[in-house]
>>> print(open('my_file.cif').read())   # mmCIF, C-alpha atoms (C1' of nucleotides)
data_input
loop_
_atom_site.label_atom_id
_atom_site.label_comp_id
_atom_site.auth_asym_id
_atom_site.auth_seq_id
_atom_site.Cartn_x
_atom_site.Cartn_y
_atom_site.Cartn_z
CA MET A 1 -34.65 -80.78 -46.27
CA GLU A 2 -32.97 -80.72 -42.91
CA ALA A 3 -29.95 -79.29 -44.67
CA ALA A 4 -31.65 -76.09 -43.52
CA ARG A 5 -29.66 -76.78 -40.41
CA GLY A 6 -26.77 -75.03 -42.09
CA ALA A 7 -28.65 -71.82 -42.66
CA PHE A 8 -29.79 -71.58 -39.05
CA ALA A 9 -26.41 -72.61 -37.73
CA GLU A 10 -24.82 -69.83 -39.69
CA HIS A 11 -27.33 -67.03 -39.22
CA GLY A 12 -29.27 -67.99 -36.13
CA SER A 13 -32.92 -67.03 -36.17
CA GLU A 14 -32.06 -64.38 -38.76
CA ALA A 15 -31.81 -67.11 -41.36
CA GLN A 16 -34.03 -66.45 -44.36
CA MET A 17 -36.48 -68.92 -45.75
CA GLU A 18 -35.30 -68.24 -49.27
CA ASP A 19 -31.76 -69.04 -48.23
CA VAL A 20 -32.94 -72.26 -46.65
CA ALA A 21 -34.74 -73.18 -49.85
CA ARG A 22 -31.75 -72.34 -52.00
CA ARG A 23 -29.43 -74.47 -49.90
CA ALA A 24 -31.84 -77.35 -50.09
CA GLY A 25 -32.07 -76.86 -53.83
CA VAL A 26 -35.85 -76.46 -53.75
CA GLY A 27 -38.37 -73.64 -53.95
CA VAL A 28 -39.69 -71.84 -50.89
CA GLY A 29 -43.07 -73.43 -51.44
CA THR A 30 -41.56 -76.83 -50.82
CA VAL A 31 -40.06 -75.72 -47.56
CA TYR A 32 -43.48 -74.54 -46.44
CA ARG A 33 -44.95 -77.89 -47.38
CA HIS A 34 -42.83 -79.48 -44.67
CA PHE A 35 -43.02 -76.77 -42.04
CA PRO A 36 -46.03 -74.45 -41.82
CA THR A 37 -43.91 -71.55 -40.70
CA LYS A 38 -40.38 -70.38 -40.15
CA GLN A 39 -40.94 -70.57 -36.43
CA ALA A 40 -41.94 -74.22 -36.76
CA LEU A 41 -38.81 -75.01 -38.72
CA ALA A 42 -36.65 -73.28 -36.16
CA GLU A 43 -38.30 -75.14 -33.32
CA ALA A 44 -37.86 -78.46 -35.03
CA LEU A 45 -34.15 -77.80 -35.40
CA ILE A 46 -33.82 -76.68 -31.81
CA GLY A 47 -35.66 -79.75 -30.61
CA GLU A 48 -33.15 -81.83 -32.50
CA ARG A 49 -30.29 -80.00 -30.80
CA PHE A 50 -31.83 -80.55 -27.40
CA ASP A 51 -31.99 -84.24 -28.15
CA HIS A 52 -28.35 -84.33 -29.12
CA THR A 53 -27.34 -82.47 -26.02
CA ILE A 54 -29.47 -84.58 -23.75
CA ALA A 55 -27.94 -87.69 -25.27
CA TYR A 56 -24.46 -86.33 -24.75
CA VAL A 57 -25.04 -85.40 -21.13
CA ARG A 58 -26.68 -88.72 -20.49
CA GLY A 59 -23.52 -90.28 -21.86
CA LEU A 60 -21.51 -88.29 -19.34
CA VAL A 61 -23.75 -89.35 -16.50
CA ASP A 62 -23.35 -92.98 -17.50
CA ASP A 63 -19.73 -93.16 -18.55
CA GLU A 64 -17.70 -90.40 -16.97
CA PRO A 65 -16.66 -91.48 -13.48
CA ASP A 66 -14.78 -88.27 -12.68
CA ALA A 67 -17.40 -85.80 -11.49
CA TRP A 68 -15.36 -82.72 -12.23
CA ARG A 69 -14.27 -83.94 -15.61
CA ALA A 70 -17.91 -84.57 -16.47
CA LEU A 71 -18.81 -80.96 -15.82
CA GLU A 72 -15.80 -79.82 -17.76
CA ARG A 73 -16.75 -81.90 -20.75
CA CYS A 74 -20.30 -80.72 -20.48
CA PHE A 75 -19.32 -77.07 -20.80
CA GLU A 76 -16.80 -77.85 -23.44
CA HIS A 77 -19.29 -79.68 -25.56
CA CYS A 78 -21.79 -76.93 -25.18
CA ALA A 79 -19.34 -74.21 -26.14
CA ALA A 80 -17.95 -76.10 -29.08
CA ARG A 81 -21.41 -76.56 -30.45
CA GLN A 82 -22.28 -72.91 -29.98
CA ALA A 83 -19.18 -71.98 -31.92
CA LYS A 84 -20.67 -73.79 -34.88
CA ASP A 85 -24.29 -72.95 -34.37
CA ARG A 86 -25.79 -69.55 -33.68
CA ALA A 87 -29.32 -70.85 -33.39
CA TRP A 88 -28.37 -73.12 -30.51
CA ALA A 89 -26.83 -70.23 -28.66
CA GLY A 90 -30.07 -68.35 -29.05
CA ALA A 91 -32.05 -71.28 -27.73
CA LEU A 92 -29.92 -71.40 -24.61
CA VAL A 93 -30.44 -67.75 -23.93
CA GLU A 94 -34.15 -68.31 -24.19
CA MET A 95 -33.89 -71.32 -21.89
CA ALA A 96 -31.92 -69.40 -19.30
CA GLY A 97 -34.48 -66.62 -19.43
CA GLY A 98 -38.11 -67.55 -19.01
CA MET A 99 -37.89 -71.21 -18.16
CA MET A 100 -41.27 -71.51 -19.85
CA GLY A 101 -42.64 -72.23 -23.25
CA PRO A 102 -42.42 -75.27 -25.45
CA ARG A 103 -40.02 -78.14 -25.01
CA GLU A 104 -40.81 -77.98 -21.33
CA ASP A 105 -40.14 -81.69 -21.09
CA GLN A 106 -36.80 -81.61 -22.87
CA LYS A 107 -35.60 -78.75 -20.73
CA HIS A 108 -36.70 -80.61 -17.68
CA GLU A 109 -34.89 -83.73 -18.72
CA LEU A 110 -31.71 -81.84 -19.42
CA LEU A 111 -31.89 -80.10 -16.07
CA ALA A 112 -32.40 -83.42 -14.33
CA LEU A 113 -29.28 -84.84 -15.95
CA LEU A 114 -27.28 -81.75 -15.11
CA ASP A 115 -28.52 -82.02 -11.58
CA THR A 116 -27.20 -85.55 -11.37
CA LEU A 117 -23.78 -84.35 -12.44
CA LEU A 118 -23.86 -81.54 -9.93
CA VAL A 119 -24.97 -83.74 -7.07
CA ARG A 120 -22.01 -85.99 -7.73
CA ALA A 121 -19.64 -83.09 -8.08
CA ARG A 122 -20.80 -81.51 -4.86
CA ALA A 123 -20.53 -84.83 -3.08
CA ALA A 124 -16.97 -85.16 -4.36
CA GLY A 125 -16.31 -81.65 -3.13
CA VAL A 126 -15.09 -80.43 -6.50
CA VAL A 127 -17.57 -77.58 -6.96
CA ARG A 128 -18.99 -74.81 -4.80
CA GLU A 129 -21.84 -75.98 -2.64
CA ASP A 130 -24.19 -73.29 -3.88
CA LEU A 131 -24.15 -74.30 -7.52
CA VAL A 132 -27.47 -75.73 -8.67
CA ALA A 133 -28.76 -77.15 -11.93
CA THR A 134 -30.77 -74.09 -12.84
CA ASP A 135 -27.56 -72.10 -12.80
CA MET A 136 -26.20 -74.10 -15.66
CA PRO A 137 -28.30 -72.61 -18.46
CA ALA A 138 -27.25 -69.15 -17.35
CA LEU A 139 -23.63 -70.20 -17.39
CA PHE A 140 -23.95 -71.84 -20.79
CA CYS A 141 -25.50 -68.64 -21.86
CA ALA A 142 -22.62 -66.57 -20.58
CA LEU A 143 -20.24 -68.84 -22.37
CA ALA A 144 -22.34 -68.48 -25.49
CA SER A 145 -21.91 -64.74 -25.71
CA VAL A 146 -18.17 -65.09 -25.38
CA VAL A 147 -18.04 -67.77 -28.01
CA GLN A 148 -20.06 -65.66 -30.39
CA ALA A 149 -18.19 -62.46 -29.75
CA GLY A 150 -14.59 -63.43 -30.26
CA GLY A 151 -14.70 -66.47 -32.49
CA ASP A 152 -11.37 -67.80 -31.27
CA GLY A 153 -9.94 -68.32 -27.86
CA TRP A 154 -13.13 -69.14 -26.01
CA ARG A 155 -11.26 -71.95 -24.36
CA ARG A 156 -9.45 -69.47 -22.17
CA TYR A 157 -12.73 -68.07 -20.95
CA LEU A 158 -14.11 -71.52 -20.42
CA GLU A 159 -11.19 -72.25 -18.14
CA LEU A 160 -11.82 -69.05 -16.31
CA LEU A 161 -15.45 -69.91 -15.83
CA LEU A 162 -14.61 -73.38 -14.59
CA ASP A 163 -12.18 -71.93 -12.09
CA GLY A 164 -15.02 -69.89 -10.71
CA LEU A 165 -17.05 -73.04 -10.12
CA ARG A 166 -14.42 -74.68 -7.94
CA PRO A 167 -15.12 -74.72 -4.23
CA PRO A 168 -13.93 -71.60 -2.37
CA ALA A 169 -11.17 -73.59 -0.70
CA ARG A 170 -9.17 -74.79 -3.69
CA SER A 171 -7.91 -78.35 -3.70
CA MET B 1 -35.50 -35.58 -27.46
CA GLU B 2 -32.94 -37.71 -25.73
CA ALA B 3 -35.82 -39.23 -23.81
CA ALA B 4 -35.46 -41.75 -26.62
CA ARG B 5 -32.95 -43.26 -24.27
CA GLY B 6 -35.82 -45.06 -22.64
CA ALA B 7 -36.94 -46.78 -25.80
CA PHE B 8 -33.50 -48.10 -26.59
CA ALA B 9 -32.85 -49.06 -23.00
CA GLU B 10 -36.00 -51.11 -23.00
CA HIS B 11 -35.88 -52.69 -26.43
CA GLY B 12 -32.24 -52.50 -27.45
CA SER B 13 -31.64 -51.95 -31.13
CA GLU B 14 -35.13 -53.34 -31.76
CA ALA B 15 -36.56 -50.06 -30.56
CA GLN B 16 -38.87 -48.50 -33.12
CA MET B 17 -38.63 -44.95 -34.34
CA GLU B 18 -42.33 -44.45 -33.93
CA ASP B 19 -42.09 -45.53 -30.32
CA VAL B 20 -39.24 -43.14 -29.77
CA ALA B 21 -41.30 -40.34 -31.27
CA ARG B 22 -44.34 -41.21 -29.20
CA ARG B 23 -42.34 -41.20 -25.97
CA ALA B 24 -40.85 -37.87 -26.85
CA GLY B 25 -44.31 -36.55 -27.61
CA VAL B 26 -43.39 -35.55 -31.16
CA GLY B 27 -43.85 -36.87 -34.68
CA VAL B 28 -41.36 -39.16 -36.35
CA GLY B 29 -40.39 -36.37 -38.71
CA THR B 30 -39.07 -34.37 -35.80
CA VAL B 31 -36.93 -37.24 -34.64
CA TYR B 32 -35.41 -37.41 -38.11
CA ARG B 33 -34.70 -33.73 -38.03
CA HIS B 34 -32.28 -34.35 -35.17
CA PHE B 35 -30.82 -37.66 -36.31
CA PRO B 36 -30.62 -38.55 -40.00
CA THR B 37 -31.19 -42.20 -39.32
CA LYS B 38 -32.07 -44.71 -36.64
CA GLN B 39 -28.53 -45.94 -36.72
CA ALA B 40 -27.25 -42.44 -36.01
CA LEU B 41 -29.59 -42.09 -33.05
CA ALA B 42 -28.47 -45.42 -31.67
CA GLU B 43 -24.83 -44.51 -32.06
CA ALA B 44 -25.32 -41.19 -30.35
CA LEU B 45 -26.87 -42.93 -27.37
CA ILE B 46 -24.13 -45.53 -27.26
CA GLY B 47 -21.48 -42.86 -27.45
CA GLU B 48 -23.10 -41.25 -24.45
CA ARG B 49 -22.97 -44.52 -22.55
CA PHE B 50 -19.33 -44.97 -23.39
CA ASP B 51 -18.65 -41.55 -21.99
CA HIS B 52 -20.45 -42.36 -18.76
CA THR B 53 -18.61 -45.62 -18.41
CA ILE B 54 -15.25 -44.09 -19.19
CA ALA B 55 -15.91 -41.43 -16.61
CA TYR B 56 -16.85 -44.04 -14.04
CA VAL B 57 -13.79 -46.15 -14.64
CA ARG B 58 -11.59 -43.09 -14.59
CA GLY B 59 -13.08 -42.36 -11.22
CA LEU B 60 -12.09 -45.81 -10.05
CA VAL B 61 -8.57 -45.37 -11.33
CA ASP B 62 -8.27 -42.08 -9.48
CA ASP B 63 -10.11 -42.78 -6.25
CA GLU B 64 -10.21 -46.49 -5.50
CA PRO B 65 -6.99 -47.50 -3.79
CA ASP B 66 -7.91 -51.17 -3.46
CA ALA B 67 -7.03 -52.79 -6.76
CA TRP B 68 -9.33 -55.74 -6.35
CA ARG B 69 -12.21 -53.65 -5.16
CA ALA B 70 -11.80 -51.45 -8.20
CA LEU B 71 -12.26 -54.38 -10.54
CA GLU B 72 -15.20 -55.56 -8.53
CA ARG B 73 -16.89 -52.19 -8.74
CA CYS B 74 -16.12 -52.01 -12.40
CA PHE B 75 -17.96 -55.23 -13.15
CA GLU B 76 -20.73 -54.36 -10.79
CA HIS B 77 -21.32 -51.01 -12.40
CA CYS B 78 -21.29 -52.55 -15.82
CA ALA B 79 -23.76 -55.28 -14.90
CA ALA B 80 -26.10 -52.93 -13.10
CA ARG B 81 -26.25 -50.72 -16.13
CA GLN B 82 -26.90 -53.62 -18.44
CA ALA B 83 -29.78 -54.67 -16.27
CA LYS B 84 -31.40 -51.37 -17.09
CA ASP B 85 -30.27 -50.98 -20.65
CA ARG B 86 -30.45 -53.54 -23.41
CA ALA B 87 -28.79 -51.31 -25.96
CA TRP B 88 -25.68 -51.02 -23.85
CA ALA B 89 -25.45 -54.77 -23.57
CA GLY B 90 -25.61 -54.97 -27.34
CA ALA B 91 -22.87 -52.40 -27.70
CA LEU B 92 -20.59 -54.43 -25.47
CA VAL B 93 -21.14 -57.56 -27.48
CA GLU B 94 -20.20 -55.63 -30.55
CA MET B 95 -17.14 -54.25 -28.81
CA ALA B 96 -16.03 -57.69 -27.67
CA GLY B 97 -16.46 -58.99 -31.19
CA GLY B 98 -14.78 -57.07 -33.96
CA MET B 99 -12.75 -54.49 -32.10
CA MET B 100 -13.26 -52.28 -35.11
CA GLY B 101 -15.71 -49.71 -36.35
CA PRO B 102 -16.67 -46.33 -35.00
CA ARG B 103 -15.88 -45.03 -31.55
CA GLU B 104 -12.44 -46.49 -32.00
CA ASP B 105 -11.07 -43.77 -29.75
CA GLN B 106 -13.59 -44.30 -26.97
CA LYS B 107 -13.01 -48.02 -26.97
CA HIS B 108 -9.31 -47.39 -26.85
CA GLU B 109 -9.63 -45.02 -23.97
CA LEU B 110 -11.77 -47.42 -22.01
CA LEU B 111 -9.35 -50.26 -22.63
CA ALA B 112 -6.47 -48.09 -21.49
CA LEU B 113 -8.24 -47.34 -18.23
CA LEU B 114 -9.11 -50.97 -17.70
CA ASP B 115 -5.51 -51.84 -18.38
CA THR B 116 -4.42 -49.50 -15.64
CA LEU B 117 -6.72 -51.25 -13.20
CA LEU B 118 -5.44 -54.63 -14.28
CA VAL B 119 -1.80 -53.66 -14.06
CA ARG B 120 -2.38 -52.59 -10.47
CA ALA B 121 -4.35 -55.69 -9.66
CA ARG B 122 -1.72 -57.97 -11.12
CA ALA B 123 0.97 -56.10 -9.26
CA ALA B 124 -0.96 -56.56 -6.05
CA GLY B 125 -1.30 -60.23 -6.88
CA VAL B 126 -5.07 -60.21 -6.60
CA VAL B 127 -5.85 -61.47 -10.12
CA ARG B 128 -4.53 -64.17 -12.41
CA GLU B 129 -1.42 -63.10 -14.27
CA ASP B 130 -2.88 -63.95 -17.64
CA LEU B 131 -5.80 -61.56 -17.50
CA VAL B 132 -5.45 -58.67 -19.94
CA ALA B 133 -7.51 -55.62 -20.76
CA THR B 134 -8.89 -57.04 -23.99
CA ASP B 135 -10.43 -59.85 -21.97
CA MET B 136 -12.64 -57.44 -20.15
CA PRO B 137 -15.12 -56.71 -22.93
CA ALA B 138 -15.64 -60.43 -23.41
CA LEU B 139 -16.25 -60.85 -19.71
CA PHE B 140 -18.63 -57.90 -19.59
CA CYS B 141 -20.34 -59.53 -22.45
CA ALA B 142 -20.67 -62.84 -20.67
CA LEU B 143 -22.10 -61.03 -17.72
CA ALA B 144 -24.47 -59.22 -20.03
CA SER B 145 -26.10 -62.36 -21.29
CA VAL B 146 -26.68 -63.56 -17.77
CA VAL B 147 -28.10 -60.24 -16.70
CA GLN B 148 -30.47 -60.21 -19.65
CA ALA B 149 -31.54 -63.80 -19.31
CA GLY B 150 -32.58 -64.07 -15.70
CA GLY B 151 -33.47 -60.56 -14.67
CA ASP B 152 -32.78 -61.17 -11.02
CA GLY B 153 -29.91 -62.74 -9.18
CA TRP B 154 -27.15 -61.74 -11.53
CA ARG B 155 -25.14 -60.81 -8.48
CA ARG B 156 -24.52 -64.45 -7.75
CA TYR B 157 -23.07 -64.97 -11.20
CA LEU B 158 -20.99 -61.85 -10.87
CA GLU B 159 -19.45 -63.29 -7.74
CA LEU B 160 -18.81 -66.51 -9.53
CA LEU B 161 -17.12 -64.70 -12.37
CA LEU B 162 -14.99 -62.68 -10.00
CA ASP B 163 -13.90 -65.84 -8.23
CA GLY B 164 -12.64 -67.10 -11.54
CA LEU B 165 -10.46 -64.04 -11.93
CA ARG B 166 -8.62 -64.56 -8.68
CA PRO B 167 -5.08 -65.88 -8.95
CA PRO B 168 -4.84 -69.70 -9.11
CA ALA B 169 -3.34 -69.81 -5.63
CA ARG B 170 -6.11 -68.24 -3.58
CA SER B 171 -5.15 -65.76 -0.90
"C1'" DA C 1 -50.07 -7.01 -38.58
"C1'" DA C 2 -48.21 -9.21 -42.94
"C1'" DA C 3 -44.51 -11.82 -45.28
"C1'" DG C 4 -41.05 -15.11 -44.99
"C1'" DA C 5 -38.55 -18.55 -42.53
"C1'" DT C 6 -38.43 -22.55 -39.53
"C1'" DA C 7 -40.11 -26.55 -37.16
"C1'" DC C 8 -43.91 -29.84 -36.90
"C1'" DG C 9 -46.77 -34.01 -37.44
"C1'" DG C 10 -47.90 -37.80 -39.49
"C1'" DA C 11 -49.54 -39.95 -43.89
"C1'" DA C 12 -47.37 -41.95 -48.06
"C1'" DG C 13 -43.47 -44.41 -50.16
"C1'" DC C 14 -40.28 -48.17 -49.91
"C1'" DG C 15 -37.59 -52.33 -49.09
"C1'" DA C 16 -37.04 -56.68 -46.88
"C1'" DG C 17 -38.79 -60.94 -45.67
"C1'" DA C 18 -42.40 -64.28 -44.62
"C1'" DT C 19 -46.30 -66.64 -46.52
"C1'" DT C 20 -49.68 -67.91 -50.12
"C1'" DC C 21 -51.24 -69.47 -54.60
"C1'" DC C 22 -51.49 -71.45 -58.90
"C1'" DG C 23 -49.74 -73.14 -63.34
"C1'" DT C 24 -46.48 -76.88 -64.33
"C1'" DT C 25 -43.89 -81.09 -63.71
"C1'" DT C 26 -43.41 -85.77 -62.03
"C1'" DG C 27 -45.25 -89.97 -60.56
"C1'" DT C 28 -49.17 -93.59 -60.16
"C1'" DC C 29 -52.77 -96.50 -61.54
"C1'" DA C 30 -55.61 -98.88 -64.88
"C1'" DT D 1 -50.57 -94.69 -73.01
"C1'" DG D 2 -54.05 -91.48 -70.85
"C1'" DA D 3 -56.32 -89.56 -66.74
"C1'" DC D 4 -55.70 -88.17 -62.09
"C1'" DA D 5 -53.06 -86.90 -58.05
"C1'" DA D 6 -49.21 -85.30 -55.43
"C1'" DA D 7 -45.20 -82.36 -55.18
"C1'" DC D 8 -42.88 -78.42 -57.24
"C1'" DG D 9 -41.06 -73.77 -58.06
"C1'" DG D 10 -41.16 -69.27 -57.63
"C1'" DA D 11 -43.84 -65.02 -58.74
"C1'" DA D 12 -47.38 -62.34 -56.35
"C1'" DT D 13 -49.09 -60.78 -51.93
"C1'" DC D 14 -48.89 -59.06 -47.21
"C1'" DT D 15 -46.91 -57.09 -43.23
"C1'" DC D 16 -43.89 -54.30 -40.77
"C1'" DG D 17 -40.56 -50.78 -39.96
"C1'" DC D 18 -37.60 -47.13 -41.59
"C1'" DT D 19 -37.42 -42.92 -44.17
"C1'" DT D 20 -39.20 -39.15 -47.02
"C1'" DC D 21 -42.30 -35.40 -48.11
"C1'" DC D 22 -45.56 -31.90 -47.90
"C1'" DG D 23 -49.35 -29.10 -46.00
"C1'" DT D 24 -49.85 -26.67 -41.54
"C1'" DA D 25 -48.57 -24.23 -37.31
"C1'" DT D 26 -45.24 -21.21 -34.98
"C1'" DC D 27 -41.91 -17.80 -34.66
"C1'" DT D 28 -39.12 -13.60 -36.60
"C1'" DT D 29 -38.55 -9.51 -38.69
"C1'" DT D 30 -40.03 -5.10 -40.31
#
>>> encode(input="my_file.cif", output="structure tokens")
Amino acid sequence: MEAARGAFAEHGSEAQMEDVARRAGVGVGTVYRHFPTKQALAEALIGERFDHTIAYVRGLVDDEPDAWRALERCFEHCAARQAKDRAWAGALVEMAGGMMGPREDQKHELLALLDTLLVRARAAGVVREDLVATDMPALFCALASVVQAGGDGWRRYLELLLDGLRPPARS
Amino acid sequence: MEAARGAFAEHGSEAQMEDVARRAGVGVGTVYRHFPTKQALAEALIGERFDHTIAYVRGLVDDEPDAWRALERCFEHCAARQAKDRAWAGALVEMAGGMMGPREDQKHELLALLDTLLVRARAAGVVREDLVATDMPALFCALASVVQAGGDGWRRYLELLLDGLRPPARS
DNA sequence: AAAGATACGGAAGCGAGATTCCGTTTGTCA
DNA sequence: TGACAAACGGAATCTCGCTTCCGTATCTTT
């Protein structure tokens, strides 16, 4: 039934239960037998996305020796996913906003990983000194709105954003 | 009845007609006597905002001799307004997305003014050569999401964004 | 001051979606 | 194969906002 992913990816939280059911080829009742409420379904999907993202960033921490490149890939991955998934974009906005609510642990884990990347990047002198992990969600969020707005060409804006992260005295 | 501004500023397009009526101290019927539909009311308010913004930017074009400072003030003004007005943020997203729809003329006018600022800035060598007027809505939009997300401290992100606009070879 | 016109307020009507419920189908066990 | 249980599908139900409508209050005109 997780093919409901498609519906949420396409319509974000506006996705309709009936649409989800139709895509899965079942009746709405069946959907409700797996998830008590639309909210629950949405959260399950978002949790899944967090897991994917955490795994990806962990991969960067472990395997990407170039600190700057790691950040670059991090943003790139995030943007690319948002381009395909409206619900994820929404989740990020929520994360950037009140840092509260459910999935506290996942958010925390992700922030910790991002912090690791930033510590390395700062040590290597490839980013501004004042950039901290909690800034990242906000930046992802900014990127999200651009990605959503003009479907194409978000790469240009990504580059622009990355330029802004470089240390004041350019290399 | 334009005190309905408050409702839309606070809740964006989610504002409810009944709330609008309550704030205005009238019945919903009266609201509908002035605007045939919620959509119409929203558009009227947005049109108003466009006018304000156009006027502000025109002021910059006319009175701000420093090309870079003009851009800076432009973004600053935009962000500050978004912080107080969710509906405006929504309008920008829409503008950045499909460049179509109503208010074609206002959008055009605003873009023309922004273009003037950019032409000057590029001539003065204070921004990247590849920045064009149509990028601005997307950037405003990016800023918008940050402003909305974490109420405070959007100034930091604004600075970051502006840094990204500087020419590759920093002054 | 009375008749007619105009503007009001807010309850009733609707449409869109989420959620619930129950008759039916499919699968299991003896 | 027959009885019982679990899973289905999707119509009926509920809720929430927008929009419409009508009896009442206010203002104009003579």
>>> interface_residues(input="my_file.cif", of="chain B", to="chain C", cutoff="9 Å", atoms="all atoms listed in the file", output="JSON, numbers by chain")
{"B": [26, 27, 28, 29, 30]}
>>> interface_residues(input="my_file.cif", of="chain A", to="chain B", cutoff="7 Å", atoms="all atoms listed in the file", output="mmCIF file with C-alpha atoms, in the frame of the given file")
data_model
loop_
_atom_site.group_PDB
_atom_site.id
_atom_site.type_symbol
_atom_site.label_atom_id
_atom_site.label_comp_id
_atom_site.auth_asym_id
_atom_site.auth_seq_id
_atom_site.Cartn_x
_atom_site.Cartn_y
_atom_site.Cartn_z
ATOM 1 C CA VAL A 93 -30.440 -67.750 -23.930
ATOM 2 C CA ALA A 96 -31.920 -69.400 -19.300
ATOM 3 C CA GLY A 97 -34.480 -66.620 -19.430
ATOM 4 C CA ALA A 138 -27.250 -69.150 -17.350
ATOM 5 C CA CYS A 141 -25.500 -68.640 -21.860
ATOM 6 C CA ALA A 142 -22.620 -66.570 -20.580
ATOM 7 C CA LEU A 143 -20.240 -68.840 -22.370
ATOM 8 C CA SER A 145 -21.910 -64.740 -25.710
ATOM 9 C CA VAL A 146 -18.170 -65.090 -25.380
ATOM 10 C CA ALA A 149 -18.190 -62.460 -29.750
ATOM 11 C CA GLY A 150 -14.590 -63.430 -30.260
ATOM 12 C CA LEU A 160 -11.820 -69.050 -16.310
ATOM 13 C CA LEU A 161 -15.450 -69.910 -15.830
ATOM 14 C CA ASP A 163 -12.180 -71.930 -12.090
ATOM 15 C CA GLY A 164 -15.020 -69.890 -10.710
ATOM 16 C CA LEU A 165 -17.050 -73.040 -10.120
#
>>> interface_residues(input="my_file.cif", of="chain D", to="chain B", cutoff="8 Å", atoms="all atoms listed in the file", output="VMD selection string")
chain D and resid 17 to 19
>>> atom_distance(input="my_file.cif", atom1="CA of Gly25 (chain A)", atom2="CA of Ala3 (chain A)")
9.7 Å
>>> resolve_selection(input="my_file.cif", expression="the PyMOL selection byres ((chain B and resi 63-75) around 10)", output="PyMOL selection string")
chain B and resi 53+56-62+76-81+114+116-127+136+139-140+143+158-159+161-162+165-166
>>> atom_distance(input="my_file.cif", atom1="CA of Leu45 (chain A)", atom2="C1' of DC8 (chain D)")
23.5 Å
>>> atom_distance(input="my_file.cif", atom1="CA of Ala9 (chain A)", atom2="CA of Arg86 (chain A)")
5.1 Å
>>> closest_residue(input="my_file.cif", among="B:Phe50, B:Asp115, B:Ala87, B:Gln82", to="Arg103 (chain B)", atoms="all atoms listed in the file")
B:Phe50
